[in-house]
>>> print(open('start.txt').read())   # compact mmCIF, C-alpha atoms
# COMPACT_ATOMS: atom_id res chain seq x y z
CA MET A 1 -11.41 60.73 -111.99
CA ARG A 2 -10.43 63.04 -109.09
CA VAL A 3 -7.06 63.73 -110.70
CA TRP A 4 -8.71 64.71 -114.00
CA ILE A 5 -11.14 67.01 -112.21
CA ALA A 6 -8.25 68.52 -110.25
CA ALA A 7 -6.28 68.98 -113.49
CA ALA A 8 -9.22 70.80 -115.11
CA ILE A 9 -9.61 73.05 -112.08
CA THR A 10 -5.86 73.74 -112.16
CA VAL A 11 -6.05 74.80 -115.81
CA ALA A 12 -8.91 77.17 -114.94
CA GLY A 13 -6.91 78.48 -111.98
CA ILE A 14 -3.86 79.10 -114.15
CA ALA A 15 -6.03 80.95 -116.67
CA PHE A 16 -7.33 83.20 -113.89
CA VAL A 17 -3.84 83.79 -112.48
CA GLN A 18 -2.54 84.74 -115.93
CA THR A 19 -5.24 87.41 -116.41
CA ARG A 20 -3.75 90.74 -117.41
CA ASP A 21 -5.04 94.25 -117.94
CA ALA A 22 -3.36 94.72 -121.29
CA SER A 23 -2.80 92.37 -124.17
CA VAL A 24 0.39 90.35 -123.97
CA HIS A 25 2.50 89.32 -126.91
CA HIS A 26 2.06 85.62 -127.75
CA SER A 27 5.79 84.89 -127.44
CA LYS A 28 5.79 86.08 -123.82
CA ILE A 29 2.97 83.68 -122.98
CA VAL A 30 4.88 80.77 -124.52
CA VAL A 31 8.02 81.70 -122.58
CA SER A 32 6.04 82.06 -119.34
CA VAL A 33 4.33 78.69 -119.78
CA SER A 34 7.66 77.06 -120.68
CA PHE A 35 9.37 78.44 -117.58
CA ALA A 36 6.38 77.43 -115.42
CA LEU A 37 6.61 73.88 -116.78
CA LEU A 38 10.35 73.82 -116.13
CA ALA A 39 9.74 75.06 -112.58
CA ALA A 40 7.10 72.37 -112.00
CA CYS A 41 9.49 69.67 -113.25
CA SER A 42 12.26 71.05 -111.02
CA MET A 43 9.97 71.04 -107.99
CA THR A 44 8.90 67.47 -108.72
CA LEU A 45 12.51 66.36 -109.03
CA PHE A 46 13.36 68.14 -105.79
CA ASP A 47 10.44 66.41 -104.01
CA LEU A 48 11.58 63.02 -105.25
CA LEU A 49 15.21 63.57 -104.32
CA ILE A 50 14.47 64.99 -100.89
CA GLN A 51 12.16 62.11 -100.01
CA ARG A 52 14.81 59.65 -101.12
CA TRP A 53 17.98 61.18 -99.67
CA ALA A 54 17.14 63.72 -96.95
CA PRO A 55 15.88 61.14 -94.41
CA ASP A 56 19.14 59.14 -94.76
CA TRP A 57 21.54 62.06 -95.08
CA GLY A 58 19.70 64.53 -92.88
CA ALA A 59 18.39 67.89 -94.00
CA GLY A 60 21.63 69.57 -92.88
CA TYR A 61 23.60 67.71 -95.53
CA PHE A 62 20.96 67.66 -98.23
CA LEU A 63 20.08 71.37 -98.18
CA PRO A 64 23.54 72.78 -99.07
CA ILE A 65 23.85 70.31 -101.93
CA ALA A 66 20.38 71.20 -103.23
CA ILE A 67 21.08 74.94 -103.00
CA ALA A 68 24.44 74.53 -104.75
CA CYS A 69 22.75 72.59 -107.58
CA ALA A 70 20.04 75.24 -107.89
CA ALA A 71 22.67 77.99 -108.04
CA PHE A 72 24.64 76.08 -110.67
CA PHE A 73 21.60 75.45 -112.87
CA SER A 74 20.46 79.06 -112.42
CA LEU A 75 23.57 80.17 -114.31
CA VAL A 76 21.85 78.95 -117.49
CA PHE A 77 19.25 81.71 -117.08
CA LEU A 78 21.72 84.48 -116.24
CA PRO A 79 21.72 85.94 -119.78
CA TRP A 80 17.99 86.75 -119.40
CA ALA A 81 18.34 88.35 -115.96
CA ASP A 82 18.15 92.09 -115.37
CA ARG A 83 21.51 93.78 -114.86
CA PRO A 84 22.29 95.12 -111.35
CA ALA A 85 22.48 98.71 -112.64
CA ASP A 86 18.99 98.37 -114.16
CA LEU A 87 17.63 96.90 -110.93
CA GLN A 88 19.13 99.75 -108.92
CA ARG A 89 17.69 102.36 -111.30
CA MET A 90 14.23 100.78 -110.87
CA GLY A 91 14.60 100.77 -107.08
CA ALA A 92 14.23 97.00 -107.06
CA ILE A 93 17.34 95.97 -105.12
CA GLN A 94 15.80 96.14 -101.65
CA PRO A 95 12.50 94.39 -102.54
CA LEU A 96 14.49 91.80 -104.50
CA ALA A 97 16.79 91.18 -101.51
CA VAL A 98 13.76 90.70 -99.25
CA GLY A 99 12.26 88.28 -101.77
CA VAL A 100 15.50 86.30 -102.01
CA PHE A 101 15.66 86.09 -98.22
CA LEU A 102 12.06 84.89 -98.00
CA LEU A 103 12.65 82.29 -100.73
CA ALA A 104 15.69 81.02 -98.82
CA VAL A 105 13.64 80.74 -95.61
CA GLN A 106 10.95 78.90 -97.59
CA ALA A 107 13.50 76.48 -99.09
CA ILE A 108 15.03 75.78 -95.69
CA GLY A 109 11.60 75.25 -94.13
CA MET A 110 10.46 72.90 -96.90
CA THR A 111 13.71 70.94 -96.82
CA LEU A 112 13.65 70.55 -93.05
CA THR A 113 9.98 69.57 -93.09
CA LEU A 114 10.41 67.03 -95.88
CA GLY A 115 13.68 65.76 -94.41
CA VAL A 116 12.14 65.18 -90.99
CA PHE A 117 8.64 64.00 -91.95
CA GLY A 118 9.15 62.83 -95.56
CA ASP A 119 5.50 63.34 -96.52
CA ALA A 120 5.68 65.37 -99.73
CA THR A 121 1.97 65.07 -100.48
CA ARG A 122 0.81 66.79 -97.31
CA VAL A 123 3.67 69.29 -97.37
CA ASN A 124 2.73 70.24 -100.93
CA ILE A 125 -0.89 70.77 -99.93
CA VAL A 126 0.25 73.35 -97.41
CA TYR A 127 2.83 74.70 -99.86
CA SER A 128 0.17 75.21 -102.51
CA LEU A 129 -1.19 78.01 -100.35
CA ARG A 130 1.85 80.07 -101.39
CA GLY A 131 -0.04 81.12 -104.50
CA LEU A 132 -2.84 82.53 -102.38
CA TRP A 133 -0.44 84.28 -100.01
CA GLY A 134 1.64 85.48 -102.95
CA VAL A 135 -1.33 87.15 -104.63
CA LEU A 136 -2.45 88.77 -101.36
CA LEU A 137 1.05 89.98 -100.53
CA THR A 138 1.55 91.32 -104.05
CA TRP A 139 -1.76 93.15 -103.89
CA ILE A 140 -0.72 94.80 -100.64
CA LEU A 141 2.87 95.59 -101.66
CA VAL A 142 2.13 96.83 -105.16
CA HIS A 143 0.83 100.02 -103.57
CA GLN A 144 3.99 100.43 -101.48
CA PHE A 145 6.73 100.08 -104.08
CA ASN A 146 7.51 101.27 -107.57
CA ALA A 147 4.89 104.02 -107.85
CA SER A 148 6.21 104.93 -111.32
CA GLU A 149 5.41 101.51 -112.78
CA PRO A 150 1.94 100.61 -114.03
CA ARG A 151 -0.02 98.64 -111.45
CA PRO A 152 -2.41 95.78 -112.04
CA SER A 153 -6.04 96.75 -111.63
CA ASP A 154 -8.16 95.45 -108.77
CA ARG A 155 -10.03 93.33 -111.32
CA THR A 156 -6.75 91.65 -112.35
CA MET A 157 -5.81 91.01 -108.73
CA VAL A 158 -9.24 89.53 -107.96
CA MET A 159 -8.90 87.22 -110.97
CA ARG A 160 -5.46 86.13 -109.74
CA LEU A 161 -6.85 85.53 -106.27
CA ILE A 162 -9.64 83.36 -107.71
CA GLY A 163 -7.01 81.45 -109.71
CA ALA A 164 -4.85 80.85 -106.63
CA VAL A 165 -7.86 79.56 -104.70
CA LEU A 166 -8.80 77.23 -107.59
CA ILE A 167 -5.26 75.83 -107.73
CA GLY A 168 -5.33 75.20 -103.97
CA VAL A 169 -8.70 73.47 -104.28
CA SER A 170 -7.37 71.29 -107.09
CA VAL A 171 -4.52 70.08 -104.90
CA LEU A 172 -6.95 69.17 -102.14
CA ILE A 173 -9.18 67.30 -104.60
CA SER A 174 -6.29 65.34 -106.07
CA VAL A 175 -4.99 64.02 -102.74
CA THR A 176 -8.16 63.44 -100.69
>>> encode(input="start.txt", output="structure tokens")
Amino acid sequence: MRVWIAAAITVAGIAFVQTRDASVHHSKIVVSVSFALLAACSMTLFDLLIQRWAPDWGAGYFLPIAIACAAFFSLVFLPWADRPADLQRMGAIQPLAVGVFLLAVQAIGMTLTLGVFGDATRVNIVYSLRGLWGVLLTWILVHQFNASEPRPSDRTMVMRLIGAVLIGVSVLISVT
């Protein structure tokens, strides 16, 4: 019963996180949900593989293989990526580089933690807080970068914050 309650709370949290100021074309919602599902499946597979192989191989051997696989599979999505010239014109190269660096630090930290302790459930509880931190960091940084782009309203950011909290709560409910 706890898992079903957590699932319902997660759905509500996702609905809050997906709140937007303007209407969004239906096809974009389908694509977003599809990519989110693919990301969730990838994360689950990564959790399973790291629990199985990282303790035996060591995180130092597992991490380069995992990153190489992620890079290889990312090539599939390259046709949908923004071109470097477009990113430079938007002034997005530096923030994107910082984001890539932070994602790499996150991946290394998760891999080392899971490789050493092997407790994906507890690690994922802590990791679920990334949604909360992501919303807060976005809210802060949206005022610093890209002043020419439309910004989400405070109402939208509050809704996303509520959604991130709900998702975190659902993880806690499902594992306690």
>>> closest_residue(input="start.txt", among="A:Gln88, A:Thr44, A:Gln94, A:Thr111", to="Ile67 (chain A)", atoms="all atoms listed in the file")
A:Thr111
>>> residues_around(input="start.txt", residues="region 71-86 of chain A", least_positions_apart="3", cutoff="12 Å", atoms="all atoms listed in the file", output="list of chain:residue names")
A:Val31, A:Phe35, A:Leu38, A:Ala39, A:Ser42, A:Pro64, A:Ile65, A:Ala66, A:Ile67, A:Ala68, A:Arg89, A:Met90, A:Gly91, A:Ala92, A:Ile93, A:Gln94, A:Leu96, A:Ala97, A:Ala104
>>> closest_residue(input="start.txt", among="A:Val142, A:Leu129, A:Ala107, A:Ile167", to="Asp154 (chain A)", atoms="all atoms listed in the file")
A:Val142
>>> residues_around(input="start.txt", residues="Val175 (chain A)", least_positions_apart="4", cutoff="12 Å", atoms="only C-alpha atoms", output="compact mmCIF listing (two decimals) with C-alpha atoms, keeping the file's coordinate frame")
# COMPACT_ATOMS: atom_id res chain seq x y z
CA MET A 1 -11.41 60.73 -111.99
CA ARG A 2 -10.43 63.04 -109.09
CA VAL A 3 -7.06 63.73 -110.70
CA TRP A 4 -8.71 64.71 -114.00
CA ILE A 5 -11.14 67.01 -112.21
CA ALA A 6 -8.25 68.52 -110.25
CA ALA A 7 -6.28 68.98 -113.49
CA ALA A 120 5.68 65.37 -99.73
CA THR A 121 1.97 65.07 -100.48
CA ARG A 122 0.81 66.79 -97.31
CA VAL A 123 3.67 69.29 -97.37
CA ASN A 124 2.73 70.24 -100.93
CA ILE A 125 -0.89 70.77 -99.93
CA VAL A 126 0.25 73.35 -97.41
CA GLY A 168 -5.33 75.20 -103.97
CA VAL A 169 -8.70 73.47 -104.28
CA SER A 170 -7.37 71.29 -107.09
CA VAL A 171 -4.52 70.08 -104.90
>>> closest_residue(input="start.txt", among="A:Arg52, A:Phe101, A:Val135, A:Ile108", to="Met159 (chain A)", atoms="all atoms listed in the file")
A:Val135
>>> atom_distance(input="start.txt", atom1="CA of Arg130 (chain A)", atom2="CA of Met110 (chain A)")
12.1 Å
>>> atom_distance(input="start.txt", atom1="CA of Ala36 (chain A)", atom2="CA of Ile14 (chain A)")
10.5 Å
>>> closest_residue(input="start.txt", among="A:Val100, A:Gly118, A:Pro95, A:Val11", to="Gln144 (chain A)", atoms="all atoms listed in the file")
A:Pro95
>>> atom_distance(input="start.txt", atom1="CA of Ala8 (chain A)", atom2="CA of Ile173 (chain A)")
11.1 Å
>>> closest_residue(input="start.txt", among="A:Ala40, A:Gln106, A:Ile29, A:Val165", to="Gly131 (chain A)", atoms="all atoms listed in the file")
A:Val165
>>> closest_residue(input="start.txt", among="A:Phe16, A:Trp133, A:Trp53, A:Trp139", to="Leu114 (chain A)", atoms="only C-alpha atoms")
A:Trp53
